[in-house]
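Trainee: Here's a structure for you.
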There are 2 protein chains.
Amino acid sequence: MKYIKNNFFVEKVNLQKLTKKFDTPLYCYSYNKLKKNINNFKLNFSKLNPLICFAIKSNSNLNIIKEIKKLGLGADVVSKGELVQAIKAGINPKKIVFSGVGKTYSELNYAVDKKILLINSESKSEVMEIEKIAKSKKKIVDIGIRLNPNTDAKTLNKISTGKKGDKFGVNQKTFIELVNYLKKSKYINLKCLSVHIGSQIFENKPYEKMLKVIDRILSKIKFRFNYIDLGGGMGISYENDKKIFNYTNYQKSIIKFLGKYNSKIIFEPGRSIIGNTGILISKIIYIKENQSKNFIILDAGMNDLMRPALYGATHRIIPVNKTKKYSNKTYEFVGPICESTDKFLSIKKFQKLKEKDLIIVCDVGAYGSSLSSNYNLRPKPAEILIKGSRIIIAKKRQKLKDFI
Amino acid sequence: MKYIKNNFFVEKVNLQKLTKKFDTPLYCYSYNKLKKNINNFKLNFSKLNPLICFAIKSNSNLNIIKEIKKLGLGADVVSKGELVQAIKAGINPKKIVFSGVGKTYSELNYAVDKKILLINSESKSEVMEIEKIAKSKKKIVDIGIRLNPNTDAKTLNKISTGKKGDKFGVNQKTFIELVNYLKKSKYINLKCLSVHIGSQIFENKPYEKMLKVIDRILSKIKFRFNYIDLGGGMGISYENDKKIFNYTNYQKSIIKFLGKYNSKIIFEPGRSIIGNTGILISKIIYIKENQSKNFIILDAGMNDLMRPALYGATHRIIPVNKTKKYSNKTYEFVGPICESTDKFLSIKKFQKLKEKDLIIVCDVGAYGSSLSSNYNLRPKPAEILIKGSRIIIAKKRQKLKDFI
């Protein structure tokens, strides 16, 4: 993704031309960037040779998951819908882990039938439910237990998941109880200890603390786990490219931790694989002047991209066609939805814009389309995957008749 | 909606029985409550005989809009999708107003063809766009202009819409310019001044200020508007029934204001009509004990009801079947979604709950189903409308194949 003679290209495709054909708002992904992210992720953890399960919740587009599958990844799913989607994309069930605090009977039942690698359980009650299902089917089911390590991920409160006040996983006492209980179970094979402390983590410290907690509990219970599932959470920069998660240090910490144990590592990355591969292209419908600022009213709204409204997240905005004239006014980029929350970003120095100009909202590959809705009865944008000069419709633009 | 012998009923329907047939999570609406709200609204403003346009964005369920139409209301729409839905529900286009800051060319074009009552414009550029369309079609189009009165609605920042820093409407200077410009327009008939200062308003003061601003501008420009559209925003109580908006005072203020003018009043209520008519019924999947609190893990998540995650909104939670045993622990009601944001409410003293029990999330008729999504690839709940003992499926539960 870069400017060629002031026009923005995704691989070999000119965005101005792309939107003429497919209209706006438009999600657009770069296959090369996806491939690079996955290869980098593998390379960064090459000494561990982990099982990498892509977190489907971050992007549930079938055609994109198919590419991710071809690049060798498994899947981390959190619902029956995501499990169906992963299998539909061709992912081998033996590379699928099922996470989540609220798996229903029917979801667990389906997962057992599909013989997935692991059901990562998050409560005593869930373990009992799985045992009941396994017993009724006369099957042995492989599971993991998610430990809440009570570790502060030093990230936004809204995306922390590993503190004791969070709903996720079980505390150490329950964990040990469950291990002891499952040692004697005829129907459940406890194979995995899983943790996940949150999202958008940039420091190695929280991960080190997390590993220490796991180490302490492992040396206490003396139970051999085939898998240690460390979740995901590795941060990506939304603001500038200087803030980078140090994978080398994390790998070192894991190798040090693993020394005594002989478990396969599982990762569940989402954002770090798909986040920076996607952009949202939007057209300026109107520009409304105001004494203090100009409102740039886009044809993309919070229903298309929820992160700014939901988390106060910042996504960079850049023009599709670069010019050299700058505006003195603050530009406030807003959507067409009838809510004040429907606001993307205020920028103090931006190139002069006019109505019908195209802009790009950056780094929306993760939790972009997957969190989108039909609020205000607006159809969801089309999603395009670019492979060199090839243009693949990963998802068609919704029509009104599809949902009303 | 009330308990009969400790079982919750919506009109004559026992919820326990209803969920056996339709499963959970389940949206359920009371027709009688809807009818009562609409009749009360009419009664409260009976001296004004206003045109009441239901804000479709608050609830876009076709079958519910059909009932609202039969009870005599028009529609306030904010997109082509909502306009299509309103017409589909049988609402006369002459009772439809089209609001919103970002109406596209194609949306305006469609609205002009449908000959709706008013397009309420929010910027100079939009007025020019409408004029261009009208000219090309050789039609005369009736419009309103939305004034931003720069009035603090004293409500949550996220739902304020009438301050000068908000994206909505035009300021007084632009308003006067546009009125003068449109006096000479061959293709546009300026018929309405519209305002809307926000949502969840309980005091009359902000409305009085708003009316003063309108009065000042009207006496300055000496232009006769057929309609004054005062928007909506009348608050409803989510916490207890004591907090009530005083309609009598508001009507008095409007009558006083209208003295000099001879305009028809338009209202655009959403929440005050539909908010308290709807509930979300959810089943407890698991209860997870914790030293300080118990997590009550529901089968309804933030994808089904976004308001707590998006606005920090509070919705009361009550049991479907009442008992007399209370728990000493704090109950934290959370959804199954893999996000810490997926949390509904913490309650300190609640009746003792067990897994599979049913609970009710109250007052979700507005911005409940309309803001729902398929995040985590979860199907949307069914929506049921109750009329006495009649059970009407207002919307079927989504199936996975409907969206993946």
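Here, A, B, ... name the chains of the structure tokens in the order displayed, residue numbers run from 1 inside each chain, and ligands are numbered from 1 in the same displayed order.
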Write out as a PyMOL selection string every residue belonging to chain B that has an atom at most 8 Å from any atom of chain A, counting only C-alpha atoms.
Mentor: chain B and resi 56-57+60+62+78-82+85+100-104+123-126+157-161+166-167+171+285-288+290+295+297-299+309-310+334-341+370-379+400+404
Trainee: Going by DSSP on the backbone, which residues of stretch 280-393 of chain B come out as alpha helix (DSSP H)? List them as a list in words.
Mentor: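 Everything in stretch 280-393 of chain B that counts as alpha helix (DSSP H) is Arg307, Pro308, Ala309, Leu310 and Tyr311 of chain B.
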Trainee: Which residue out of A:Lys138, A:Ile255, A:Lys264, A:Tyr31 has the minimum interatomic distance to A:Lys12 when only C-alpha atoms are used?
Mentor: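 The closest residue to A:Lys12 is A:Tyr31.
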Trainee: If we count only C-alpha atoms, what is near stretch 143-145 of chain A at a cut-off of 8 Å, once residues fewer than 2 positions away on the same chain are taken out, given as a PDB file with N, CA and C atoms, in the first residue's frame?
Mentor:
ATOM      1  N   LEU A 117      -9.641 -29.656  17.740  1.00  0.00           N
ATOM      2  CA  LEU A 117      -8.451 -29.907  18.555  1.00  0.00           C
ATOM      3  C   LEU A 117      -8.741 -29.751  20.047  1.00  0.00           C
ATOM      4  N   LEU A 118      -9.315 -28.608  20.415  1.00  0.00           N
ATOM      5  CA  LEU A 118      -9.519 -28.326  21.830  1.00  0.00           C
ATOM      6  C   LEU A 118     -10.751 -27.457  22.067  1.00  0.00           C
ATOM      7  N   ILE A 119     -11.471 -27.772  23.113  1.00  0.00           N
ATOM      8  CA  ILE A 119     -12.459 -26.818  23.623  1.00  0.00           C
ATOM      9  C   ILE A 119     -11.816 -26.185  24.850  1.00  0.00           C
ATOM     10  N   ASN A 120     -11.476 -24.917  24.750  1.00  0.00           N
ATOM     11  CA  ASN A 120     -10.860 -24.245  25.896  1.00  0.00           C
ATOM     12  C   ASN A 120     -11.939 -23.733  26.838  1.00  0.00           C
ATOM     13  N   SER A 121     -12.095 -24.425  27.941  1.00  0.00           N
ATOM     14  CA  SER A 121     -13.206 -24.154  28.862  1.00  0.00           C
ATOM     15  C   SER A 121     -12.855 -23.021  29.809  1.00  0.00           C
ATOM     16  N   GLU A 122     -13.897 -22.320  30.223  1.00  0.00           N
ATOM     17  CA  GLU A 122     -13.651 -21.143  31.061  1.00  0.00           C
ATOM     18  C   GLU A 122     -14.354 -21.190  32.408  1.00  0.00           C
ATOM     19  N   SER A 123     -15.003 -22.290  32.727  1.00  0.00           N
ATOM     20  CA  SER A 123     -15.643 -22.393  34.044  1.00  0.00           C
ATOM     21  C   SER A 123     -15.873 -23.854  34.406  1.00  0.00           C
ATOM     22  N   VAL A 141     -13.325 -36.383  24.934  1.00  0.00           N
ATOM     23  CA  VAL A 141     -13.182 -35.036  24.360  1.00  0.00           C
ATOM     24  C   VAL A 141     -11.931 -34.357  24.916  1.00  0.00           C
ATOM     25  N   LEU A 147      -6.932 -20.327  32.328  1.00  0.00           N
ATOM     26  CA  LEU A 147      -6.548 -19.774  33.627  1.00  0.00           C
ATOM     27  C   LEU A 147      -6.619 -18.257  33.556  1.00  0.00           C
ATOM     28  N   GLY A 169     -11.844 -16.997  32.079  1.00  0.00           N
ATOM     29  CA  GLY A 169     -11.031 -18.014  32.738  1.00  0.00           C
ATOM     30  C   GLY A 169     -11.435 -18.321  34.160  1.00  0.00           C
ATOM     31  N   VAL A 170     -10.641 -19.198  34.796  1.00  0.00           N
ATOM     32  CA  VAL A 170     -10.904 -19.554  36.200  1.00  0.00           C
ATOM     33  C   VAL A 170      -9.691 -19.155  37.037  1.00  0.00           C
ATOM     34  N   PHE A 175      -8.704 -23.740  39.070  1.00  0.00           N
ATOM     35  CA  PHE A 175      -7.903 -24.427  38.057  1.00  0.00           C
ATOM     36  C   PHE A 175      -7.355 -25.744  38.620  1.00  0.00           C
ATOM     37  N   ILE A 188     -13.105 -36.954  29.571  1.00  0.00           N
ATOM     38  CA  ILE A 188     -12.396 -35.724  29.199  1.00  0.00           C
ATOM     39  C   ILE A 188     -10.897 -35.919  29.323  1.00  0.00           C
ATOM     40  N   ASN A 189     -10.215 -35.526  28.276  1.00  0.00           N
ATOM     41  CA  ASN A 189      -8.776 -35.532  28.238  1.00  0.00           C
ATOM     42  C   ASN A 189      -8.309 -34.093  28.399  1.00  0.00           C
ATOM     43  N   LEU A 190      -7.736 -33.761  29.537  1.00  0.00           N
ATOM     44  CA  LEU A 190      -7.251 -32.395  29.736  1.00  0.00           C
ATOM     45  C   LEU A 190      -5.896 -32.262  29.050  1.00  0.00           C
ATOM     46  N   LYS A 191      -5.848 -31.486  28.006  1.00  0.00           N
ATOM     47  CA  LYS A 191      -4.636 -31.405  27.213  1.00  0.00           C
ATOM     48  C   LYS A 191      -3.985 -30.036  27.193  1.00  0.00           C
ATOM     49  N   CYS A 192      -4.691 -29.034  27.655  1.00  0.00           N
ATOM     50  CA  CYS A 192      -4.176 -27.678  27.426  1.00  0.00           C
ATOM     51  C   CYS A 192      -4.442 -26.742  28.597  1.00  0.00           C
ATOM     52  N   LEU A 193      -3.458 -25.911  28.870  1.00  0.00           N
ATOM     53  CA  LEU A 193      -3.657 -24.769  29.765  1.00  0.00           C
ATOM     54  C   LEU A 193      -3.690 -23.553  28.854  1.00  0.00           C
ATOM     55  N   SER A 194      -4.738 -22.759  28.946  1.00  0.00           N
ATOM     56  CA  SER A 194      -4.792 -21.574  28.091  1.00  0.00           C
ATOM     57  C   SER A 194      -4.897 -20.299  28.914  1.00  0.00           C
TER      58      SER A 194
END
Trainee: Could you go through stretch 188-276 of chain A and tell me which residues DSSP, when run on the backbone, assigns to strand (DSSP E), listing them as a VMD selection string?
Mentor: chain A and resid 188 to 194 227 to 229 264 to 267
Trainee: Using only C-alpha atoms, please write the residues we just selected to a file, as a compact mmCIF listing (two decimals), in the first residue's frame.
Mentor:
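Saved file out-v6.txt follows:
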# COMPACT_ATOMS: atom_id res chain seq x y z
CA ILE A 188 -12.40 -35.72 29.20
CA ASN A 189 -8.78 -35.53 28.24
CA LEU A 190 -7.25 -32.40 29.74
CA LYS A 191 -4.64 -31.41 27.21
CA CYS A 192 -4.18 -27.68 27.43
CA LEU A 193 -3.66 -24.77 29.76
CA SER A 194 -4.79 -21.57 28.09
CA TYR A 227 -0.46 -27.63 24.81
CA ILE A 228 0.08 -24.27 26.38
CA ASP A 229 -2.20 -21.78 24.63
CA LYS A 264 3.44 -27.28 22.18
CA ILE A 265 2.69 -23.59 22.13
CA ILE A 266 -0.56 -22.29 20.62
CA PHE A 267 -1.07 -18.65 19.67
Trainee: Counting only C-alpha atoms, what is within 10 Å of A:Lys252, bar same-chain residues fewer than 6 positions away, as a PyMOL selection string?
Mentor: chain A and resi 45+47-48+258
Trainee: I want to know what sits within 10 Å of B:Lys260, based on only C-alpha atoms, with residues of the same chain fewer than 6 positions away left out; could you give that as a PyMOL selection string?
Mentor: chain B and resi 215+218-219
Trainee: Just the selected residues (N, CA, C and O atoms), exported as a short mmCIF file (atom, residue, chain, number, x, y, z; two decimals), in the first residue's frame, please.
Mentor:
data_model
loop_
_atom_site.label_atom_id
_atom_site.label_comp_id
_atom_site.auth_asym_id
_atom_site.auth_seq_id
_atom_site.Cartn_x
_atom_site.Cartn_y
_atom_site.Cartn_z
N ASP B 215 -37.55 31.58 18.07
CA ASP B 215 -38.36 32.79 18.08
C ASP B 215 -37.54 33.98 17.60
O ASP B 215 -37.99 34.77 16.76
N LEU B 218 -36.91 33.73 13.87
CA LEU B 218 -38.14 33.91 13.08
C LEU B 218 -38.53 35.39 13.02
O LEU B 218 -38.93 35.90 11.96
N SER B 219 -38.41 36.06 14.17
CA SER B 219 -38.81 37.48 14.17
C SER B 219 -37.81 38.31 13.36
O SER B 219 -38.13 39.38 12.87
#
Trainee: What does the structure give for the distance between atom CA of A:Tyr331 and atom CA of A:Leu345, in Å to one decimal?
Mentor: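 A separation of 8.2 Å between them.
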Trainee: Env of B:Lys17: 12 Å cut, atoms = only C-alpha atoms, seq-sep filter 3 positions within chain, self excluded. Answer as a ChimeraX atom specification.
Mentor: /B:7-10,12-14,20-24,281,320-321,358,391
Trainee: Please write the residues from the selection above to a file, keeping N, CA, C and O atoms, as a short mmCIF file (atom, residue, chain, number, x, y, z; two decimals), in the first residue's frame.
Mentor:
data_model
loop_
_atom_site.label_atom_id
_atom_site.label_comp_id
_atom_site.auth_asym_id
_atom_site.auth_seq_id
_atom_site.Cartn_x
_atom_site.Cartn_y
_atom_site.Cartn_z
N ASN B 7 -44.68 -15.08 38.30
CA ASN B 7 -44.21 -15.33 36.93
C ASN B 7 -44.46 -14.09 36.09
O ASN B 7 -45.55 -13.51 36.14
N PHE B 8 -43.47 -13.72 35.29
CA PHE B 8 -43.60 -12.49 34.52
C PHE B 8 -44.45 -12.71 33.28
O PHE B 8 -44.25 -13.66 32.52
N PHE B 9 -45.39 -11.80 33.09
CA PHE B 9 -46.28 -11.85 31.92
C PHE B 9 -46.11 -10.59 31.07
O PHE B 9 -46.02 -9.49 31.61
N VAL B 10 -46.10 -10.76 29.77
CA VAL B 10 -46.29 -9.63 28.87
C VAL B 10 -47.72 -9.77 28.37
O VAL B 10 -48.05 -10.75 27.70
N LYS B 12 -51.03 -11.11 28.23
CA LYS B 12 -51.56 -12.36 28.77
C LYS B 12 -50.64 -13.55 28.54
O LYS B 12 -51.04 -14.71 28.65
N VAL B 13 -49.38 -13.24 28.18
CA VAL B 13 -48.47 -14.32 27.82
C VAL B 13 -47.40 -14.54 28.89
O VAL B 13 -46.70 -13.60 29.29
N ASN B 14 -47.31 -15.77 29.34
CA ASN B 14 -46.32 -16.19 30.33
C ASN B 14 -44.96 -16.33 29.63
O ASN B 14 -44.81 -17.11 28.68
N LYS B 20 -39.96 -21.24 25.89
CA LYS B 20 -39.91 -22.67 25.55
C LYS B 20 -40.15 -22.86 24.06
O LYS B 20 -39.54 -23.70 23.42
N LYS B 21 -41.03 -22.03 23.51
CA LYS B 21 -41.36 -22.15 22.10
C LYS B 21 -40.34 -21.43 21.21
O LYS B 21 -39.97 -21.94 20.15
N PHE B 22 -39.88 -20.25 21.65
CA PHE B 22 -39.07 -19.42 20.75
C PHE B 22 -37.60 -19.33 21.13
O PHE B 22 -36.84 -18.67 20.45
N ASP B 23 -37.24 -19.97 22.25
CA ASP B 23 -35.84 -19.98 22.67
C ASP B 23 -35.36 -18.57 23.08
O ASP B 23 -36.10 -17.61 23.02
N THR B 24 -34.13 -18.49 23.50
CA THR B 24 -33.54 -17.22 23.94
C THR B 24 -32.21 -17.02 23.20
O THR B 24 -31.68 -17.99 22.66
N ILE B 281 -35.24 -11.13 26.70
CA ILE B 281 -35.24 -12.27 27.62
C ILE B 281 -34.00 -13.10 27.33
O ILE B 281 -33.68 -13.40 26.18
N VAL B 320 -37.38 -13.66 35.50
CA VAL B 320 -38.67 -14.06 34.89
C VAL B 320 -39.56 -14.70 35.95
O VAL B 320 -40.74 -14.44 36.00
N ASN B 321 -38.93 -15.51 36.82
CA ASN B 321 -39.70 -16.12 37.91
C ASN B 321 -39.15 -15.64 39.24
O ASN B 321 -37.98 -15.86 39.55
N LEU B 358 -34.10 -17.78 33.74
CA LEU B 358 -34.33 -16.73 32.74
C LEU B 358 -34.34 -15.36 33.41
O LEU B 358 -34.89 -15.20 34.49
N ILE B 391 -49.67 -14.09 19.96
CA ILE B 391 -48.20 -14.03 19.84
C ILE B 391 -47.86 -13.86 18.37
O ILE B 391 -48.16 -14.74 17.55
#
Trainee: Which one of A:Ile176, A:Ala89, A:Thr314, A:Phe202 sits closest to A:Lys220 if you count only C-alpha atoms?
Mentor: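 That would be A:Ile176, the residue with the smallest distance to A:Lys220.
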Trainee: One decimal, in Å: what's the spacing between atom CA of A:Lys66 and atom CA of A:Ala394?
Mentor: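 Between these atoms lies a distance of 10.2 Å.
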